[in-house]
Amino acid sequence: MIKVPFFASAKSASTIEVVASKQASPSALKVFRFYADEKPVLTLKPISVSESNSSFIYTFFYEDFHFIPGHSYHIVTESNFFIPIDISFLSQSEEFEKQYRYDGELGAIYTKEKTTFRVFAPFATNVTLKLKRKGNENLESYVMNHDFSDGIFEITLEGDFDEARYVYVVTLFGLGYTCFDPYSFSLDANARHSFVIDPEKVHAIPLHEEALPPFKHRDEAIIYECDVRDMTSLTSLKNKGTYAALSEEGLKSKEGMPVGLDYLSSLGVTHIQLQPVLDFQTIDEDNPSSSYNWGYDPLSYMAPEGSYALDPNSAYSRVKELRTLVSKLHQHGMRVTFDVVYNHMFSDYFNPLYILCPGYYFRKNADGSNSNGTGCGNDFESTHYMARKLILDSLLHLMDFYGADGFRFDLMGILDIDTVKQGYELCSKKKPELLYYGEGWDLWTALPGDKKASYYNADKMPFAAFFNDRFRDVVKGKSNDNELGVPGYLLGDSAYRDGFKHVYLGSSVPLSFAPLFKSPLQSINYVECHDNHTLYDKIKAACPEDSEAEREKIIKLNIIATLMSCGIPYFHAGEEIGASKQGIGNSYNAGDKINGFDYSLLAKKQDLFHYFQDAIAFKKKFIELAGDEYEDLIHHVTFEDLPDGALKITYDLKKANIYVVFNPSKMSFMIDFDDYASLVFNETGFFRNSPFYIHLGIINALSCNIFIEKKEDQSYKTAPRKE
């Protein structure tokens, strides 16, 4: 291994620090020379010399070195050793941010006649494009042209470069680095090379957006989160765990249950949220079964993940197969939201973004260290112009190539409001019905609180929805390991009843808590997502004495509460059938056995499966019945406390009065209505054409019952009721 005996870095426009190995320089040096672009400029003497066991550390001061990105600078020893100076401190300056910007297209811009390669690398003194054409192992090298005004390197090559494999070799502060193109639309296995691809070949696959049902308002959405690999990983399919496997129709489990695409289609949900499908770091794409990860360890914001592809070393496999998957979901009437992880990268130092423009893409604390609100060591600096551009370009690319119908932003509170807002403005022009939501946790990133895209700033982002952890914690109880055994309202703690009213109204009214949102449209209501313990595991921990039948009833309560609450309902794959992760809370790398969708459990829990289908069907019927009033639903709701912690919720609508009665206790009771009402939903499901009208109804233990009293239809009434 080559050892670097000297290292020099500029700390500011007037300070340079040199670290010299004692092996290379056994005694302290007295005089140095300063070179700019290979020419001597001045002689320097250190203002301070300190030492460690292995090195001497020299500090130089000069009034203004006036470093310019893209130029070379060296400190030269008395023995004529040239030490390149790292000037990446400039990446954090306002002057750098204002000057080094580019609004045009980046990456490999393909036509059949020529391809332009364009990359942002303002600190580089040289960038060489190295490529191999399809079917040719000869390595071609091209020195790219440098525009010093904006930091762009570019070259146009005549000919057809479709499926050419390429990398950039970047000369930076005297050293050479090789990296893939962060704007490349496809990569080979484990991101060793970028591919040139022809967008027309991708666009040739129809997205079938015409098959999607109408979608007027975002609170009509019913989101179902799933992982591409998980939905088929436990099957016997040869290509299990891939985009292609999830795209197959007509699949059945050995018990005769629908599998993969057909299962998703059978649920009745409106949106499928795919967990990260942009390329991530920690799966060996040449041998995907050897490791497991959800994908919240991003590597590229443009290219799809290769471990889900049939051939990760093909230029088009991952790209076409992901587009086909979206197309198939569209054909089955489901929109697709992409889970995007723009808050950090798996690694900063080993990512092309760091190589091409060190320091720039990652947020810094005041002392120059990386901000770490994500807990991953390198918060993304979304406020920087070219970093923001990468996010915006990625969003538009996902819409263009893959027909994205919405986005779920992982740790959205790390990003700044302007970036999130600009993304929505650009994307909603293409699809006005776009779903746009994320995790709005207020994290300790080096960004002022009023700039964060957190739910504390929800009023500044009325277009966005946020995961409502208050809903989760009130309805089922908190999910952290220390409080796993503490139940929420629907797990039996009636002290949460008033809190339940608050979250039922989308946490948008001052009832028990201060509002989180101005409108329920901003509330993503959920009790389970990929993070933390499953709903079943929570119930098992918080209600250890309950029977399996009682746990299933509690699952049903949570399902219907999530659907009927004001806001946007959200479910995680397996929640609907009581899936368990065997007590593992954070299962991001726990493997297929823990995370895979268990179709044998589906066969055993068909009652829960059909209940979930019925609950969704009733939700859609409820939206239809509410009509125009659905947009303003919270103003039509009243609550009535019932014995043993139960709750009656009344909707006073033009067409009908609707009564929703939650009974999370283990006591049954009778309910008396002022007029005749029809039971349309209970723990057995949706009675679509119920002929039964009652004054007095039985509310079973651990159940939710829904009654409708239609205002325009009085034909069912008999003689006045006798007391």
# chains A, B, ... in the order shown; residues from 1 in each chain; ligands from 1
>>> residues_around(residues="range 68-85 of chain A", least_positions_apart="2", cutoff="7 Å", atoms="only C-alpha atoms", output="ChimeraX atom specification")
/A:6-10,31-37,66,87,122-125,148,173-174
>>> residues_around(residues="range 558-565 of chain A", least_positions_apart="5", cutoff="7 Å", atoms="only C-alpha atoms", output="number ranges by chain")
A: 490, 504-506, 525-526, 615, 619
>>> residues_around(residues="Asn378 in chain A", least_positions_apart="4", cutoff="9 Å", atoms="only C-alpha atoms", output="NGL selection string")
:A and (343-348 or 362-364 or 370-374)
>>> write_last_selection(atoms="all heavy atoms", output="mmCIF file, in the first residue's frame")
data_model
loop_
_atom_site.group_PDB
_atom_site.id
_atom_site.type_symbol
_atom_site.label_atom_id
_atom_site.label_comp_id
_atom_site.auth_asym_id
_atom_site.auth_seq_id
_atom_site.Cartn_x
_atom_site.Cartn_y
_atom_site.Cartn_z
ATOM 1 N N ASN A 343 -31.904 12.100 2.957
ATOM 2 C CA ASN A 343 -31.378 12.752 4.168
ATOM 3 C C ASN A 343 -29.926 12.413 4.461
ATOM 4 O O ASN A 343 -29.280 13.091 5.248
ATOM 5 C CB ASN A 343 -32.253 12.391 5.374
ATOM 6 C CG ASN A 343 -32.370 10.886 5.573
ATOM 7 O OD1 ASN A 343 -31.453 10.240 6.074
ATOM 8 N ND2 ASN A 343 -33.495 10.311 5.176
ATOM 9 N N HIS A 344 -29.392 11.347 3.848
ATOM 10 C CA HIS A 344 -27.996 10.970 4.075
ATOM 11 C C HIS A 344 -27.581 9.979 2.999
ATOM 12 O O HIS A 344 -28.398 9.533 2.197
ATOM 13 C CB HIS A 344 -27.817 10.328 5.467
ATOM 14 C CG HIS A 344 -28.223 8.888 5.530
ATOM 15 N ND1 HIS A 344 -29.541 8.477 5.452
ATOM 16 C CD2 HIS A 344 -27.487 7.745 5.646
ATOM 17 C CE1 HIS A 344 -29.595 7.161 5.528
ATOM 18 N NE2 HIS A 344 -28.369 6.685 5.634
ATOM 19 N N MET A 345 -26.308 9.646 2.964
ATOM 20 C CA MET A 345 -25.786 8.541 2.167
ATOM 21 C C MET A 345 -25.229 7.491 3.129
ATOM 22 O O MET A 345 -24.946 7.792 4.287
ATOM 23 C CB MET A 345 -24.679 9.007 1.223
ATOM 24 C CG MET A 345 -25.165 9.825 0.048
ATOM 25 S SD MET A 345 -26.026 8.766 -1.134
ATOM 26 C CE MET A 345 -26.345 9.922 -2.472
ATOM 27 N N PHE A 346 -25.079 6.269 2.628
ATOM 28 C CA PHE A 346 -24.489 5.247 3.494
ATOM 29 C C PHE A 346 -23.114 5.696 3.977
ATOM 30 O O PHE A 346 -22.756 5.534 5.132
ATOM 31 C CB PHE A 346 -24.368 3.919 2.751
ATOM 32 C CG PHE A 346 -23.620 2.872 3.541
ATOM 33 C CD1 PHE A 346 -24.236 2.212 4.584
ATOM 34 C CD2 PHE A 346 -22.305 2.570 3.252
ATOM 35 C CE1 PHE A 346 -23.556 1.267 5.338
ATOM 36 C CE2 PHE A 346 -21.606 1.629 3.994
ATOM 37 C CZ PHE A 346 -22.232 0.979 5.035
ATOM 38 N N SER A 347 -22.328 6.266 3.050
ATOM 39 C CA SER A 347 -21.001 6.769 3.381
ATOM 40 C C SER A 347 -20.810 8.083 2.662
ATOM 41 O O SER A 347 -21.303 8.271 1.553
ATOM 42 C CB SER A 347 -19.925 5.768 2.941
ATOM 43 O OG SER A 347 -18.636 6.353 2.995
ATOM 44 N N ASP A 348 -20.109 9.021 3.304
ATOM 45 C CA ASP A 348 -19.763 10.235 2.581
ATOM 46 C C ASP A 348 -18.440 10.046 1.833
ATOM 47 O O ASP A 348 -18.354 10.233 0.623
ATOM 48 C CB ASP A 348 -19.728 11.447 3.512
ATOM 49 C CG ASP A 348 -18.859 11.246 4.747
ATOM 50 O OD1 ASP A 348 -18.331 10.136 4.941
ATOM 51 O OD2 ASP A 348 -18.708 12.200 5.527
ATOM 52 N N PHE A 362 -22.586 17.456 2.115
ATOM 53 C CA PHE A 362 -22.905 16.980 3.456
ATOM 54 C C PHE A 362 -22.836 18.127 4.458
ATOM 55 O O PHE A 362 -21.906 18.929 4.433
ATOM 56 C CB PHE A 362 -21.976 15.823 3.828
ATOM 57 C CG PHE A 362 -22.093 14.671 2.875
ATOM 58 C CD1 PHE A 362 -21.186 14.501 1.836
ATOM 59 C CD2 PHE A 362 -23.155 13.782 2.968
ATOM 60 C CE1 PHE A 362 -21.312 13.470 0.928
ATOM 61 C CE2 PHE A 362 -23.295 12.737 2.065
ATOM 62 C CZ PHE A 362 -22.378 12.580 1.039
ATOM 63 N N ARG A 363 -23.835 18.185 5.300
ATOM 64 C CA ARG A 363 -24.014 19.310 6.228
ATOM 65 C C ARG A 363 -22.943 19.293 7.307
ATOM 66 O O ARG A 363 -22.582 18.231 7.827
ATOM 67 C CB ARG A 363 -25.411 19.236 6.843
ATOM 68 C CG ARG A 363 -25.808 20.415 7.694
ATOM 69 C CD ARG A 363 -27.291 20.363 8.027
ATOM 70 N NE ARG A 363 -28.099 20.523 6.824
ATOM 71 C CZ ARG A 363 -29.314 20.022 6.658
ATOM 72 N NH1 ARG A 363 -29.865 19.284 7.619
ATOM 73 N NH2 ARG A 363 -29.965 20.218 5.536
ATOM 74 N N LYS A 364 -22.492 20.465 7.670
ATOM 75 C CA LYS A 364 -21.426 20.601 8.661
ATOM 76 C C LYS A 364 -21.915 21.325 9.911
ATOM 77 O O LYS A 364 -22.739 22.238 9.850
ATOM 78 C CB LYS A 364 -20.242 21.378 8.075
ATOM 79 C CG LYS A 364 -19.629 20.768 6.827
ATOM 80 C CD LYS A 364 -18.997 19.415 7.100
ATOM 81 C CE LYS A 364 -18.340 18.846 5.850
ATOM 82 N NZ LYS A 364 -17.765 17.510 6.102
ATOM 83 N N ASN A 370 -19.154 16.618 10.621
ATOM 84 C CA ASN A 370 -20.418 16.289 9.969
ATOM 85 C C ASN A 370 -21.588 16.402 10.935
ATOM 86 O O ASN A 370 -21.527 15.903 12.067
ATOM 87 C CB ASN A 370 -20.373 14.860 9.417
ATOM 88 C CG ASN A 370 -19.698 14.765 8.078
ATOM 89 O OD1 ASN A 370 -19.285 15.771 7.504
ATOM 90 N ND2 ASN A 370 -19.580 13.558 7.556
ATOM 91 N N SER A 371 -22.660 17.027 10.485
ATOM 92 C CA SER A 371 -23.911 17.008 11.234
ATOM 93 C C SER A 371 -24.462 15.590 11.223
ATOM 94 O O SER A 371 -24.357 14.879 10.218
ATOM 95 C CB SER A 371 -24.903 17.980 10.597
ATOM 96 O OG SER A 371 -26.149 17.927 11.237
ATOM 97 N N ASN A 372 -25.076 15.158 12.331
ATOM 98 C CA ASN A 372 -25.483 13.759 12.450
ATOM 99 C C ASN A 372 -26.881 13.609 13.032
ATOM 100 O O ASN A 372 -27.127 12.785 13.903
ATOM 101 C CB ASN A 372 -24.466 12.984 13.300
ATOM 102 C CG ASN A 372 -24.703 11.480 13.247
ATOM 103 O OD1 ASN A 372 -25.255 10.969 12.286
ATOM 104 N ND2 ASN A 372 -24.309 10.783 14.298
ATOM 105 N N GLY A 373 -27.824 14.413 12.539
ATOM 106 C CA GLY A 373 -29.204 14.257 12.989
ATOM 107 C C GLY A 373 -29.822 12.949 12.548
ATOM 108 O O GLY A 373 -30.754 12.446 13.173
ATOM 109 N N THR A 374 -29.319 12.380 11.476
ATOM 110 C CA THR A 374 -29.846 11.107 10.975
ATOM 111 C C THR A 374 -29.377 9.918 11.810
ATOM 112 O O THR A 374 -29.959 8.842 11.729
ATOM 113 C CB THR A 374 -29.393 10.872 9.525
ATOM 114 O OG1 THR A 374 -27.961 10.845 9.492
ATOM 115 C CG2 THR A 374 -29.892 11.982 8.605
#
>>> select_by_dssp(residues="range 187-279 of chain A", states="strand (DSSP E)", output="list in words")
Leu187, Ser194, Phe195, Ile223, Tyr224, Glu225, Cys226, His271, Ile272, Gln273 and Leu274 of chain A
>>> residues_around(residues="Leu207 in chain A", least_positions_apart="4", cutoff="9 Å", atoms="only C-alpha atoms", output="VMD selection string")
chain A and resid 203 323 to 324 326 to 328 330 to 331 402 to 403
>>> residues_around(residues="Arg335 in chain A", least_positions_apart="3", cutoff="10 Å", atoms="only C-alpha atoms", output="ChimeraX atom specification")
/A:209,211-213,215,221,223,269-273,326-327,329-332,403-406,434-435
>>> write_last_selection(atoms="N, CA, C and O atoms", output="CSV table (one decimal), in the first residue's frame")
chain,number,residue,atom,x,y,z
A,209,GLU,N,-51.1,4.5,-17.0
A,209,GLU,CA,-51.7,5.4,-16.1
A,209,GLU,C,-53.2,5.6,-16.3
A,209,GLU,O,-54.0,6.0,-15.5
A,211,ALA,N,-55.3,3.4,-16.6
A,211,ALA,CA,-56.0,2.3,-15.9
A,211,ALA,C,-56.3,2.7,-14.4
A,211,ALA,O,-57.1,2.1,-13.7
A,212,LEU,N,-55.7,3.8,-14.0
A,212,LEU,CA,-55.9,4.3,-12.6
A,212,LEU,C,-57.3,4.9,-12.4
A,212,LEU,O,-57.7,5.7,-13.2
A,213,PRO,N,-57.9,4.5,-11.3
A,213,PRO,CA,-59.2,5.1,-11.0
A,213,PRO,C,-59.1,6.6,-10.6
A,213,PRO,O,-58.0,7.0,-10.2
A,215,PHE,N,-58.9,10.0,-8.6
A,215,PHE,CA,-58.4,10.3,-7.3
A,215,PHE,C,-58.4,11.8,-7.0
A,215,PHE,O,-57.6,12.5,-7.6
A,221,ALA,N,-56.7,8.6,-0.1
A,221,ALA,CA,-55.7,7.5,-0.3
A,221,ALA,C,-55.7,6.5,0.8
A,221,ALA,O,-56.0,6.8,2.0
A,223,ILE,N,-52.8,3.9,1.9
A,223,ILE,CA,-51.4,3.5,1.5
A,223,ILE,C,-51.0,2.2,2.2
A,223,ILE,O,-51.3,1.9,3.3
A,269,VAL,N,-56.4,-1.4,-1.7
A,269,VAL,CA,-55.7,-0.1,-1.3
A,269,VAL,C,-55.5,0.7,-2.6
A,269,VAL,O,-55.6,0.2,-3.7
A,270,THR,N,-55.3,2.0,-2.4
A,270,THR,CA,-55.2,2.9,-3.5
A,270,THR,C,-53.7,3.2,-3.9
A,270,THR,O,-53.4,3.5,-5.1
A,271,HIS,N,-52.8,3.1,-3.0
A,271,HIS,CA,-51.4,3.4,-3.2
A,271,HIS,C,-50.5,2.3,-2.6
A,271,HIS,O,-50.7,1.9,-1.4
A,272,ILE,N,-49.6,1.8,-3.4
A,272,ILE,CA,-48.5,0.9,-2.9
A,272,ILE,C,-47.3,1.8,-2.7
A,272,ILE,O,-46.8,2.4,-3.6
A,273,GLN,N,-46.8,1.8,-1.4
A,273,GLN,CA,-45.5,2.5,-1.2
A,273,GLN,C,-44.4,1.5,-1.2
A,273,GLN,O,-44.4,0.6,-0.4
A,326,VAL,N,-44.1,-1.0,-11.9
A,326,VAL,CA,-45.0,0.1,-11.7
A,326,VAL,C,-46.2,0.0,-12.7
A,326,VAL,O,-47.4,0.2,-12.4
A,327,SER,N,-45.9,-0.3,-13.9
A,327,SER,CA,-46.9,-0.5,-15.0
A,327,SER,C,-47.9,-1.5,-14.5
A,327,SER,O,-49.1,-1.3,-14.7
A,329,LEU,N,-48.7,-2.5,-11.5
A,329,LEU,CA,-49.5,-2.0,-10.4
A,329,LEU,C,-50.5,-1.0,-10.9
A,329,LEU,O,-51.7,-1.0,-10.4
A,330,HIS,N,-50.1,-0.2,-11.8
A,330,HIS,CA,-51.1,0.7,-12.4
A,330,HIS,C,-52.2,0.0,-13.1
A,330,HIS,O,-53.4,0.3,-13.0
A,331,GLN,N,-51.9,-1.1,-13.8
A,331,GLN,CA,-52.9,-1.9,-14.5
A,331,GLN,C,-53.9,-2.5,-13.6
A,331,GLN,O,-55.1,-2.7,-13.9
A,332,HIS,N,-53.5,-2.7,-12.4
A,332,HIS,CA,-54.4,-3.3,-11.3
A,332,HIS,C,-55.0,-2.2,-10.5
A,332,HIS,O,-55.6,-2.5,-9.4
A,403,GLY,N,-42.9,6.6,-13.5
A,403,GLY,CA,-44.3,6.9,-13.3
A,403,GLY,C,-44.7,7.1,-11.8
A,403,GLY,O,-45.9,6.8,-11.5
A,404,ALA,N,-43.8,7.6,-11.0
A,404,ALA,CA,-44.1,7.8,-9.6
A,404,ALA,C,-45.4,8.6,-9.4
A,404,ALA,O,-45.5,9.6,-10.0
A,405,ASP,N,-46.2,8.2,-8.5
A,405,ASP,CA,-47.5,8.9,-8.2
A,405,ASP,C,-47.4,9.6,-6.9
A,405,ASP,O,-48.3,10.2,-6.4
A,406,GLY,N,-46.2,9.5,-6.2
A,406,GLY,CA,-46.1,10.2,-4.9
A,406,GLY,C,-44.7,9.8,-4.3
A,406,GLY,O,-44.0,8.9,-4.9
A,434,LEU,N,-50.7,14.2,-6.9
A,434,LEU,CA,-49.5,13.6,-6.3
A,434,LEU,C,-49.6,13.5,-4.8
A,434,LEU,O,-50.1,14.4,-4.1
A,435,LEU,N,-49.2,12.4,-4.2
A,435,LEU,CA,-49.1,12.2,-2.8
A,435,LEU,C,-47.7,12.6,-2.4
A,435,LEU,O,-46.7,12.1,-3.0
>>> residues_around(residues="range 594-610 of chain A", least_positions_apart="3", cutoff="6 Å", atoms="only C-alpha atoms", output="PyMOL selection string")
chain A and resi 230-231+233-234+577+581+591+613
>>> write_last_selection(atoms="N, CA, C and O atoms", output="JSON list (two decimals), in the first residue's frame")
[["chain", "number", "residue", "atom", "x", "y", "z"],
["A", 230, "ASP", "N", -39.44, -8.52, 0.10],
["A", 230, "ASP", "CA", -40.24, -9.20, 1.12],
["A", 230, "ASP", "C", -41.49, -9.86, 0.55],
["A", 230, "ASP", "O", -41.95, -10.89, 1.06],
["A", 231, "MET", "N", -42.09, -9.27, -0.49],
["A", 231, "MET", "CA", -43.38, -9.76, -0.95],
["A", 231, "MET", "C", -43.30, -11.11, -1.65],
["A", 231, "MET", "O", -44.32, -11.78, -1.82],
["A", 233, "SER", "N", -40.11, -13.18, -1.13],
["A", 233, "SER", "CA", -38.88, -13.84, -0.67],
["A", 233, "SER", "C", -39.12, -15.21, -0.05],
["A", 233, "SER", "O", -38.23, -16.06, -0.06],
["A", 234, "LEU", "N", -40.30, -15.44, 0.50],
["A", 234, "LEU", "CA", -40.58, -16.72, 1.16],
["A", 234, "LEU", "C", -41.34, -17.69, 0.26],
["A", 234, "LEU", "O", -41.83, -18.71, 0.73],
["A", 577, "ILE", "N", -52.67, -9.17, 8.81],
["A", 577, "ILE", "CA", -52.87, -10.57, 9.16],
["A", 577, "ILE", "C", -52.13, -10.94, 10.46],
["A", 577, "ILE", "O", -51.95, -12.11, 10.77],
["A", 581, "LYS", "N", -42.49, -10.16, 13.90],
["A", 581, "LYS", "CA", -41.05, -10.16, 13.62],
["A", 581, "LYS", "C", -40.31, -10.83, 14.77],
["A", 581, "LYS", "O", -39.13, -10.55, 15.00],
["A", 591, "GLY", "N", -33.03, -10.33, 7.78],
["A", 591, "GLY", "CA", -33.16, -11.44, 6.85],
["A", 591, "GLY", "C", -34.58, -11.72, 6.41],
["A", 591, "GLY", "O", -35.56, -11.19, 6.94],
["A", 613, "GLN", "N", -60.02, -6.41, 3.84],
["A", 613, "GLN", "CA", -60.67, -6.09, 2.57],
["A", 613, "GLN", "C", -62.00, -5.38, 2.81],
["A", 613, "GLN", "O", -62.31, -4.38, 2.15]]
>>> atom_distance(atom1="CA of Ile283 in chain A", atom2="CA of Met412 in chain A")
24.3 Å
>>> closest_residue(among="A:Leu426, A:Ala366, A:Ile197, A:Met461", to="Ser317 in chain A", atoms="only C-alpha atoms")
A:Ile197
>>> residues_around(residues="Leu274 in chain A", least_positions_apart="6", cutoff="10 Å", atoms="only C-alpha atoms", output="list of chain:residue names")
A:Tyr224, A:Glu225, A:Cys226, A:Asp227, A:Val228, A:Val326, A:Val336, A:Thr337, A:Phe338, A:Asp339, A:Val340, A:Phe407, A:Arg408
>>> atom_distance(atom1="CA of Ala579 in chain A", atom2="CA of Thr235 in chain A")
16.0 Å
>>> closest_residue(among="A:Glu425, A:Asp86, A:Glu528, A:Asp674", to="Arg472 in chain A", atoms="only C-alpha atoms")
A:Glu528
>>> select_by_dssp(residues="range 97-288 of chain A", states="helix (DSSP H, G or I)", output="PyMOL selection string")
chain A and resi 97-99+189-191+199-203+209-211+218-220+243-247+261-267+288
>>> closest_residue(among="A:Ala465, A:Ala590, A:Ala28, A:Leu511", to="Gly438 in chain A", atoms="only C-alpha atoms")
A:Ala465
